[in-house]
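Novice: My structure is stored as model.cif, with mmCIF, C-alpha atoms.
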data_start
loop_
_atom_site.label_atom_id
_atom_site.label_comp_id
_atom_site.auth_asym_id
_atom_site.auth_seq_id
_atom_site.Cartn_x
_atom_site.Cartn_y
_atom_site.Cartn_z
CA MET A 1 0.00 0.00 0.00
CA GLN A 2 1.63 3.16 -1.15
CA THR A 3 -0.42 5.73 0.73
CA SER A 4 -1.97 5.85 4.13
CA PRO A 5 -5.66 5.08 4.25
CA ALA A 6 -5.78 8.31 6.23
CA HIS A 7 -5.13 10.14 2.97
CA ALA A 8 -8.55 8.98 1.85
CA ALA A 9 -10.08 9.94 5.18
CA HIS A 10 -12.90 12.33 5.38
CA HIS A 11 -15.40 12.75 8.14
CA ASP A 12 -18.69 14.40 8.82
CA ASP A 13 -18.11 18.06 7.97
CA ARG A 14 -19.69 18.98 11.31
CA GLU A 15 -17.10 17.08 13.36
CA ILE A 16 -14.06 18.92 14.72
CA GLU A 17 -11.38 16.52 15.98
CA THR A 18 -8.19 18.62 16.09
CA LEU A 19 -7.17 22.09 17.24
CA GLU A 20 -6.28 22.93 13.61
CA GLU A 21 -9.83 22.12 12.48
CA PHE A 22 -11.24 24.18 15.36
CA ASP A 23 -9.15 27.21 14.40
CA ALA A 24 -10.03 26.87 10.72
CA VAL A 25 -13.79 26.69 11.35
CA VAL A 26 -13.79 29.59 13.84
CA SER A 27 -11.79 31.84 11.52
CA ALA A 28 -13.83 30.91 8.42
CA ARG A 29 -17.30 31.01 9.97
CA GLY A 30 -17.09 32.95 13.21
CA ALA A 31 -19.64 30.49 14.63
CA LEU A 32 -19.70 26.85 15.73
CA THR A 33 -23.45 26.39 15.51
CA GLY A 34 -24.35 22.75 14.85
CA PHE A 35 -20.77 21.45 15.12
CA ARG A 36 -19.55 18.54 17.29
CA VAL A 37 -16.17 19.23 18.89
CA GLN A 38 -14.64 15.92 19.91
CA ALA A 39 -11.84 15.51 22.48
CA VAL A 40 -10.03 18.76 21.53
CA ASP A 41 -8.08 20.55 24.27
CA LEU A 42 -9.55 24.08 24.27
CA THR A 43 -7.78 25.31 27.41
CA ASP A 44 -5.93 27.94 25.37
CA ARG A 45 -8.95 28.95 23.25
CA THR A 46 -10.93 30.88 25.89
CA ARG A 47 -10.80 34.14 23.90
CA GLU A 48 -12.15 32.42 20.78
CA LEU A 49 -14.90 30.60 22.69
CA LEU A 50 -16.04 33.84 24.37
CA ALA A 51 -16.25 35.57 20.96
CA THR A 52 -17.91 32.75 19.01
CA ASP A 53 -21.58 31.76 18.77
CA THR A 54 -21.83 28.16 20.06
CA ALA A 55 -25.63 27.73 20.07
CA GLY A 56 -26.43 24.11 19.26
CA THR A 57 -22.78 23.03 19.46
CA VAL A 58 -21.90 19.78 21.25
CA PHE A 59 -18.56 19.60 23.09
CA LEU A 60 -17.51 16.00 23.83
CA GLY A 61 -14.73 15.71 26.41
CA CYS A 62 -13.00 19.01 25.58
CA PRO A 63 -10.91 20.47 28.41
CA MET A 64 -11.60 24.22 28.74
CA ARG A 65 -11.50 27.00 31.33
CA GLU A 66 -14.56 27.48 33.53
CA GLN A 67 -15.24 30.97 32.15
CA ALA A 68 -15.47 29.53 28.61
CA ALA A 69 -17.61 26.58 29.76
CA ALA A 70 -20.08 28.89 31.53
CA LYS A 71 -20.39 31.11 28.43
CA ILE A 72 -20.99 28.30 25.93
CA ARG A 73 -23.55 26.67 28.24
CA SER A 74 -25.42 29.99 28.35
CA ASP A 75 -25.29 30.01 24.50
CA GLY A 76 -27.21 26.73 24.58
CA ALA A 77 -24.27 24.44 23.82
CA LEU A 78 -24.26 20.91 25.21
CA VAL A 79 -21.09 20.16 27.19
CA PHE A 80 -19.95 16.62 28.04
CA PRO A 81 -16.94 17.37 30.26
CA PRO A 82 -13.79 15.21 30.28
CA VAL A 83 -14.06 12.25 32.67
CA PRO A 84 -11.36 12.47 35.37
CA GLY A 85 -9.30 9.49 36.44
CA LEU A 86 -9.83 7.33 33.35
CA PRO A 87 -6.87 5.65 31.61
CA PHE A 88 -8.58 6.25 28.22
CA ASP A 89 -10.58 9.01 26.54
CA PRO A 90 -14.15 7.83 25.83
CA TYR A 91 -14.72 10.71 23.38
CA ARG A 92 -11.55 10.26 21.33
CA GLY A 93 -11.77 11.50 17.75
CA LEU A 94 -8.96 9.45 16.20
CA LEU A 95 -7.76 5.84 16.23
CA TYR A 96 -4.89 4.77 18.47
CA SER A 97 -1.27 4.57 17.33
CA PRO A 98 1.20 1.98 18.67
CA ASP A 99 3.21 4.80 20.28
CA GLU A 100 0.13 5.97 22.18
CA LEU A 101 -0.90 2.55 23.49
CA PHE A 102 2.67 1.59 24.45
CA ASP A 103 3.65 4.98 25.90
CA GLY A 104 5.89 4.38 28.94
CA LEU A 105 7.02 0.92 27.76
CA GLU A 106 10.54 1.71 28.97
CA LYS A 107 9.15 1.41 32.54
CA GLY A 108 7.50 -1.92 31.68
CA TYR A 109 4.31 -2.84 29.84
CA GLU A 110 2.25 -2.68 33.06
CA GLN A 111 2.66 1.14 33.06
CA THR A 112 1.37 1.67 29.50
CA PRO A 113 -2.07 3.14 28.64
CA ASP A 114 -2.95 -0.22 27.06
CA ALA A 115 -2.28 -2.16 30.26
CA LEU A 116 -3.95 0.49 32.45
CA ALA A 117 -7.11 0.46 30.30
CA TYR A 118 -7.27 -3.34 30.61
CA ALA A 119 -6.83 -3.13 34.40
CA TRP A 120 -9.70 -0.58 34.55
CA PHE A 121 -11.86 -2.90 32.42
CA GLN A 122 -11.11 -5.85 34.74
CA ARG A 123 -12.11 -3.77 37.77
CA THR A 124 -15.37 -2.48 36.29
CA LYS A 125 -16.72 -5.18 33.96
CA ALA A 126 -18.24 -7.39 36.63
CA ASP A 127 -19.86 -4.76 38.86
CA ARG A 128 -22.77 -3.93 36.52
CA ASP A 129 -22.14 -0.23 36.97
CA ILE A 130 -24.17 1.66 34.34
CA TYR A 131 -21.65 4.50 34.46
CA ALA A 132 -18.69 2.25 33.53
CA SER A 133 -20.64 0.40 30.84
CA THR A 134 -21.78 3.72 29.34
CA LEU A 135 -18.17 4.94 29.19
CA ARG A 136 -17.13 1.72 27.42
CA ALA A 137 -19.99 2.04 24.92
CA VAL A 138 -19.23 5.70 24.18
CA HIS A 139 -15.55 4.85 23.69
CA ASP A 140 -16.29 1.96 21.32
CA ASP A 141 -18.71 4.07 19.30
CA ALA A 142 -16.08 6.82 18.99
CA VAL A 143 -13.55 4.22 17.79
CA SER A 144 -16.00 2.89 15.16
CA ASP A 145 -16.61 6.46 13.98
CA ALA A 146 -12.86 7.06 13.64
CA LEU A 147 -12.42 3.76 11.77
CA ASP A 148 -15.16 4.68 9.31
CA GLU A 149 -13.45 8.03 8.71
CA LEU A 150 -10.15 6.29 7.96
CA LEU A 151 -11.32 3.74 5.38
CA PRO A 152 -13.65 5.26 2.77
CA GLY A 153 -12.56 4.45 -0.77
CA THR A 154 -10.01 1.84 0.35
CA ARG A 155 -10.06 -1.86 -0.50
CA VAL A 156 -9.60 -3.68 2.78
CA VAL A 157 -8.52 -7.32 3.02
CA GLY A 158 -8.75 -9.07 6.37
CA VAL A 159 -6.07 -11.52 7.51
CA MET A 160 -7.27 -13.73 10.36
CA GLY A 161 -5.24 -16.26 12.32
CA GLY A 162 -4.24 -17.39 15.77
CA HIS A 163 -2.22 -15.50 18.37
CA ALA A 164 -0.09 -18.59 19.10
CA MET A 165 2.00 -18.39 15.89
CA ALA A 166 5.53 -17.72 17.18
CA ARG A 167 8.04 -15.27 15.75
CA GLY A 168 11.01 -17.03 14.19
CA THR A 169 8.89 -19.79 12.60
CA ALA A 170 8.38 -20.46 8.90
CA GLU A 171 4.65 -19.90 9.41
CA TYR A 172 5.23 -16.42 10.85
CA ALA A 173 7.55 -15.46 7.98
CA GLY A 174 4.95 -16.75 5.48
CA ALA A 175 2.15 -14.70 7.08
CA ALA A 176 4.42 -11.64 6.96
CA ARG A 177 5.16 -12.17 3.24
CA LEU A 178 1.41 -12.48 2.66
CA GLY A 179 0.78 -9.11 4.34
CA ARG A 180 3.56 -7.55 2.28
CA GLU A 181 2.21 -8.89 -1.02
CA LEU A 182 -1.34 -7.74 -0.27
CA ALA A 183 -0.12 -4.27 0.71
CA ARG A 184 2.03 -4.00 -2.41
CA ALA A 185 -1.06 -4.88 -4.47
CA GLY A 186 -2.68 -1.69 -3.14
CA LEU A 187 -4.89 -3.34 -0.53
CA THR A 188 -5.25 -2.16 3.07
CA VAL A 189 -4.40 -5.08 5.36
CA ALA A 190 -6.66 -5.36 8.43
CA THR A 191 -6.12 -7.89 11.22
CA GLY A 192 -7.39 -8.59 14.71
CA GLY A 193 -4.45 -6.46 15.85
CA GLY A 194 -2.94 -8.96 18.26
CA PRO A 195 0.20 -11.17 18.31
CA GLY A 196 1.03 -14.22 16.18
CA ALA A 197 -0.46 -14.42 12.69
CA MET A 198 -2.07 -11.00 13.18
CA GLU A 199 1.24 -9.32 14.01
CA ALA A 200 2.95 -11.09 11.10
CA ALA A 201 0.44 -9.73 8.56
CA ASN A 202 0.70 -6.19 9.97
CA LEU A 203 4.51 -6.50 9.92
CA GLY A 204 4.33 -7.53 6.25
CA ALA A 205 2.29 -4.43 5.39
CA TYR A 206 4.78 -2.31 7.37
CA ALA A 207 7.62 -3.87 5.32
CA ALA A 208 5.93 -3.24 1.94
CA PRO A 209 7.81 -0.01 1.00
CA PHE A 210 11.26 -1.46 1.83
CA GLU A 211 13.64 -3.81 -0.01
CA ASP A 212 12.68 -7.48 0.35
CA SER A 213 15.69 -8.13 2.60
CA MET A 214 14.26 -5.83 5.29
CA LEU A 215 11.51 -8.34 6.17
CA ASP A 216 14.01 -11.19 6.58
CA GLU A 217 16.16 -9.05 8.87
CA ALA A 218 13.14 -7.88 10.86
CA CYS A 219 11.93 -11.47 11.35
CA GLU A 220 15.39 -12.45 12.57
CA LEU A 221 15.46 -9.58 15.06
CA LEU A 222 11.96 -10.38 16.35
CA ALA A 223 12.82 -14.06 16.82
CA GLY A 224 14.81 -13.04 19.91
CA ALA A 225 11.44 -12.55 21.70
CA PRO A 226 9.34 -15.28 20.06
CA SER A 227 6.16 -14.80 22.10
CA PHE A 228 4.34 -12.25 24.25
CA THR A 229 4.68 -14.76 27.10
CA PRO A 230 6.41 -14.67 29.52
CA SER A 231 7.19 -10.96 28.96
CA ILE A 232 4.97 -8.59 26.98
CA THR A 233 7.59 -5.90 27.66
CA ASP A 234 10.39 -7.81 25.88
CA TRP A 235 8.03 -8.82 23.05
CA ALA A 236 6.93 -5.24 22.45
CA ARG A 237 10.43 -3.78 22.77
CA ALA A 238 11.65 -6.03 19.95
CA ALA A 239 8.88 -4.68 17.70
CA PHE A 240 9.73 -1.07 18.52
CA GLU A 241 13.40 -1.83 17.76
CA VAL A 242 12.33 -2.94 14.25
CA ARG A 243 10.31 0.26 13.86
CA ARG A 244 13.31 2.31 15.04
CA ARG A 245 15.67 0.69 12.53
CA TRP A 246 13.21 0.98 9.66
CA PRO A 247 11.03 4.03 10.37
CA ARG A 248 8.05 5.15 8.27
CA GLY A 249 6.83 1.73 7.18
CA GLY A 250 3.65 0.96 5.27
CA HIS A 251 0.19 1.43 6.71
CA SER A 252 -2.28 -1.17 7.93
CA VAL A 253 -5.08 -1.51 10.45
CA GLY A 254 -5.27 -3.55 13.66
CA ILE A 255 -8.60 -4.11 15.42
CA PRO A 256 -7.88 -5.69 18.83
CA THR A 257 -9.92 -5.86 22.05
CA TRP A 258 -9.39 -5.44 25.77
CA PHE A 259 -11.79 -8.36 26.18
CA TYR A 260 -8.76 -10.57 25.51
CA GLY A 261 -6.56 -8.51 27.79
CA HIS A 262 -3.81 -11.09 28.08
CA GLU A 263 -3.24 -10.51 24.33
CA PRO A 264 -1.47 -7.19 23.73
CA PRO A 265 -1.89 -5.24 20.49
CA ASN A 266 0.97 -5.46 18.01
CA ALA A 267 3.11 -2.43 17.19
CA PHE A 268 3.12 -2.83 13.38
CA ALA A 269 -0.45 -1.72 12.63
CA SER A 270 -0.23 2.02 12.00
CA HIS A 271 -3.87 2.56 12.97
CA ILE A 272 -5.32 0.65 15.93
CA ALA A 273 -9.06 0.49 16.59
CA LYS A 274 -9.13 -1.05 20.05
CA TYR A 275 -12.49 -1.99 21.57
CA PHE A 276 -13.83 -3.07 24.94
CA ALA A 277 -16.69 -5.10 23.39
CA ASN A 278 -15.34 -8.09 21.47
CA ALA A 279 -18.60 -8.63 19.53
CA THR A 280 -18.46 -5.05 18.19
CA ARG A 281 -14.82 -5.56 17.28
CA GLU A 282 -15.36 -8.91 15.49
CA ASP A 283 -18.29 -7.66 13.44
CA GLY A 284 -16.56 -4.38 12.64
CA LEU A 285 -13.41 -6.10 11.41
CA LEU A 286 -15.23 -8.51 9.11
CA ALA A 287 -17.78 -5.96 7.87
CA ARG A 288 -14.99 -3.63 6.77
CA SER A 289 -13.02 -6.34 4.92
CA ASN A 290 -14.69 -5.45 1.62
CA ALA A 291 -11.98 -7.05 -0.56
CA GLY A 292 -12.18 -10.44 1.18
CA VAL A 293 -10.62 -12.31 4.08
CA VAL A 294 -7.71 -14.77 4.30
CA PHE A 295 -7.99 -17.24 7.19
CA LEU A 296 -4.68 -18.65 8.41
CA PRO A 297 -4.61 -21.65 10.78
CA GLY A 298 -6.09 -20.76 14.15
CA ALA A 299 -8.26 -22.18 16.91
CA ALA A 300 -11.71 -21.30 18.26
CA GLY A 301 -11.42 -17.54 17.60
CA THR A 302 -10.54 -18.06 13.93
CA VAL A 303 -13.31 -20.67 13.48
CA GLN A 304 -15.77 -18.14 14.92
CA GLU A 305 -14.50 -15.51 12.48
CA ILE A 306 -14.96 -17.87 9.52
CA PHE A 307 -18.64 -18.32 10.30
CA ASP A 308 -19.16 -14.70 11.34
CA ASN A 309 -17.96 -13.92 7.82
CA ALA A 310 -19.85 -16.75 6.12
CA THR A 311 -23.25 -15.74 7.51
CA PRO A 312 -23.63 -12.36 5.72
CA ASN A 313 -22.12 -13.98 2.59
CA TYR A 314 -24.74 -16.75 2.80
CA TYR A 315 -27.67 -14.34 3.22
CA GLU A 316 -26.05 -11.59 1.10
CA SER A 317 -27.05 -9.18 3.86
CA ARG A 318 -24.10 -6.91 3.01
CA GLY A 319 -24.58 -7.24 -0.73
CA GLU A 320 -22.45 -9.44 -2.98
CA PRO A 321 -20.53 -12.15 -1.10
CA THR A 322 -16.87 -11.29 -0.52
CA PRO A 323 -13.96 -13.72 -1.09
CA MET A 324 -12.97 -16.16 1.67
CA VAL A 325 -9.64 -17.98 1.37
CA LEU A 326 -8.75 -20.68 3.93
CA VAL A 327 -5.05 -21.60 4.15
CA ASP A 328 -3.73 -25.08 5.11
CA ARG A 329 -5.83 -27.98 3.82
CA ALA A 330 -4.93 -30.39 6.63
CA HIS A 331 -5.80 -27.84 9.31
CA TRP A 332 -9.23 -26.91 7.94
CA THR A 333 -10.27 -30.41 6.76
CA GLU A 334 -8.78 -32.68 9.46
CA ARG A 335 -7.71 -30.87 12.64
CA LEU A 336 -10.66 -28.44 12.62
CA PRO A 337 -12.90 -29.59 9.73
CA THR A 338 -14.40 -26.20 8.99
CA TRP A 339 -14.03 -26.38 5.19
CA PRO A 340 -16.58 -29.18 4.56
CA LEU A 341 -19.25 -27.25 6.48
CA LEU A 342 -18.40 -24.02 4.65
CA GLN A 343 -18.65 -25.87 1.32
CA ALA A 344 -22.00 -27.36 2.29
CA LEU A 345 -23.34 -23.95 3.25
CA ALA A 346 -22.14 -22.40 0.00
CA ARG A 347 -23.59 -25.08 -2.28
CA ASP A 348 -25.88 -23.64 -4.98
CA ARG A 349 -25.52 -20.12 -3.59
CA SER A 350 -23.60 -17.22 -5.08
CA MET A 351 -21.01 -17.47 -2.28
CA GLN A 352 -19.93 -20.83 -3.77
CA ALA A 353 -17.84 -18.92 -6.31
CA ARG A 354 -16.24 -16.84 -3.54
CA ILE A 355 -14.67 -19.50 -1.31
CA ALA A 356 -11.35 -21.29 -1.74
CA LEU A 357 -9.09 -23.67 0.20
CA VAL A 358 -5.35 -23.57 -0.52
CA ASP A 359 -2.48 -25.63 0.85
CA ARG A 360 0.19 -22.97 1.12
CA ILE A 361 0.15 -19.36 2.24
CA GLU A 362 1.91 -18.35 -0.99
CA GLU A 363 -1.23 -19.39 -2.92
CA ALA A 364 -3.54 -17.07 -0.97
CA PRO A 365 -3.05 -13.80 -2.94
CA GLY A 366 -3.67 -15.63 -6.25
CA ALA A 367 -6.80 -17.28 -4.86
CA LEU A 368 -8.05 -13.94 -3.57
CA LYS A 369 -7.54 -12.39 -7.00
CA ARG A 370 -9.30 -15.34 -8.70
CA LEU A 371 -12.35 -14.98 -6.45
CA THR A 372 -12.60 -11.22 -6.99
CA VAL A 373 -14.87 -10.33 -9.86
#
Output the structure of this file as structure tokens.
Specialist:
Amino acid sequence: MQTSPAHAAHHDDREIETLEEFDAVVSARGALTGFRVQAVDLTDRTRELLATDTAGTVFLGCPMREQAAAKIRSDGALVFPPVPGLPFDPYRGLLYSPDELFDGLEKGYEQTPDALAYAWFQRTKADRDIYASTLRAVHDDAVSDALDELLPGTRVVGVMGGHAMARGTAEYAGAARLGRELARAGLTVATGGGPGAMEAANLGAYAAPFEDSMLDEACELLAGAPSFTPSITDWARAAFEVRRRWPRGGHSVGIPTWFYGHEPPNAFASHIAKYFANATREDGLLARSNAGVVFLPGAAGTVQEIFDNATPNYYESRGEPTPMVLVDRAHWTERLPTWPLLQALARDRSMQARIALVDRIEEAPGALKRLTV
């Protein structure tokens, strides 16, 4: 993929998500009527807020001085103040970056925003507190909104597979080459955003702009910390070392969840849409894979994803069925015999022409192309 999907991004013209957008709208219009200002720090914009008509404006989690807040409330603006003491921003306007989620990694993973958000989730998920569940829902909706703003006009291919695939293995290197080939073909690679096969595909997309040798060297470097167990810190540091040596890699999307908190996000997806609700995350990932999905060997989670994807293809509830390519014949016909059931479902339906089973990962891009009409 030569350009960031962000280059294609556009969002609702009434949404203001950065200070630059705020300044541009205020200077061009002199009014914010009807706008939604989302998670923008307005502490230093008191003068502008006092001089601007904000009737009908909605401010979502924007820090501001009390004088400005009092004035815009009297204008008739709706103000949702920032929530103190949270390790995440429920009103965020943009997707996460690896640097943001892993900030403070030098002190250990436990100190990072990613780990702190998971710890908060663990504390609050069982107590049935409407306040906490509302904050999670608002956050996840904001993330979905940001993801939709990132992807219009892009052809997204999902790569699904298990988190257990270790760095340093032939399988990992194969999944990384797959991600690289898909990205070089102009597709936006999207994964579940976690370790293993997911990380490998995001790494491949990151490697797309570089010489082929870069990916081999990166895989060798990563093999020093083959898994996120026993130490997420060591595993993540190895990834950031690759990013330091080869900065400004290609773009891809990771869509992980704090529901599986023991599974950290990988650092090679340039845009990370991290959710609290796994069901929202699963459906969002598959629904946005408009150019098809490649399923690498995995366990229960990958089997679930296959049928989550097959159902709308079967009913054509999202329009034309999208390609589904399963990789590793023995895995999907013997160890976890998913393929025979998928074939039976597809029989005599239009999705029959959109499913394929291949032996080797190298065959997946060709199969994907063959199934794309």
Novice: Restricting the calculation to only C-alpha atoms, which member of A:Pro113, A:Pro90, A:Gly76, A:Gly161 is positioned closest to Thr134 (chain A)?
Specialist: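 Of the candidates, the smallest distance to Thr134 (chain A) is held by A:Pro90.
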Novice: Which one of A:Glu100, A:Glu149, A:Glu334, A:Asp308 sits closest to Asp283 (chain A) if you count all atoms listed in the file?
Specialist: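 Ranking A:Glu100, A:Glu149, A:Glu334, A:Asp308 by distance to Asp283 (chain A), first place goes to A:Asp308.
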Novice: For this structure, which residues satisfy the selection - the PyMOL selection byres ((chain A and resi 226) around 6) - when it is evaluated on the file as given? I want them as a list in words.
Specialist: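 Expected selection for the PyMOL selection byres ((chain A and resi 226) around 6) here is Ala166, Arg167, Ala223, Gly224, Ala225 and Ser227 of chain A.
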Novice: Running the PyMOL selection byres ((chain A and resi 173) around 12) on this model by hand, what would come out? Give it as a ChimeraX atom specification.
Specialist: /A:165-172,174-180,196-204,207,215-220,222-223,361-362
Novice: Write out as a ChimeraX atom specification which residues come within 10 Å of Leu94 (chain A) when counting only C-alpha atoms, dropping same-chain ones fewer than 6 positions away.
Specialist: /A:17-18,38-39,142-147,149-150,271-273
Novice: Could you state which residues are captured by the PyMOL selection byres ((chain A and resi 252-265) around 7) in this file, as a count of residues only?
Specialist: 27
Novice: What lies within 10 Å of region 313-322 of chain A using all atoms listed in the file, ignoring chain neighbours under 4 positions off, as a VMD selection string?
Specialist: chain A and resid 157 287 289 to 293 307 to 309 342 345 to 347 349 to 355 368 371 to 373
Novice: Can you pull out the residues contacting Asp41 (chain A)? Cut-off 10 Å, using only C-alpha atoms, and skip same-chain residues under 6 positions away; I want them as a JSON list (two decimals) with C-alpha atoms, in the coordinates of the input.
Specialist:
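Result saved to around_36.json:
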[["chain", "number", "residue", "atom", "x", "y", "z"],
["A", 17, "GLU", "CA", -11.38, 16.52, 15.98],
["A", 18, "THR", "CA", -8.19, 18.62, 16.09],
["A", 19, "LEU", "CA", -7.17, 22.09, 17.24],
["A", 61, "GLY", "CA", -14.73, 15.71, 26.41],
["A", 62, "CYS", "CA", -13.00, 19.01, 25.58],
["A", 63, "PRO", "CA", -10.91, 20.47, 28.41],
["A", 64, "MET", "CA", -11.60, 24.22, 28.74],
["A", 82, "PRO", "CA", -13.79, 15.21, 30.28]]
Novice: Could you check the closest approach to Arg335 (chain A) for each of A:Leu49, A:Val303, A:Ile130, A:Ala310 and tell me which residue wins, using all atoms listed in the file?
Specialist: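 Ranked by minimum distance to Arg335 (chain A), first place goes to A:Val303.
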Novice: When distances are computed from all atoms listed in the file, which of A:Leu86, A:Ala208, A:Ala236, A:Ala119 shows the smallest separation from Gly104 (chain A)?
Specialist: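 Closest to Gly104 (chain A), using all atoms listed in the file: A:Ala236.
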Novice: Enclose region 355-363 of chain A, meaning all of its atoms listed in the file, in a box aligned along x, y and z, pad it by 4 Å on each side, and list the centre and edge lengths in Å to one decimal, as AutoDock Vina command-line options.
Specialist:
--center_x -6.4 --center_y -22.0 --center_z -0.3 --size_x 24.6 --size_y 15.3 --size_z 13.2
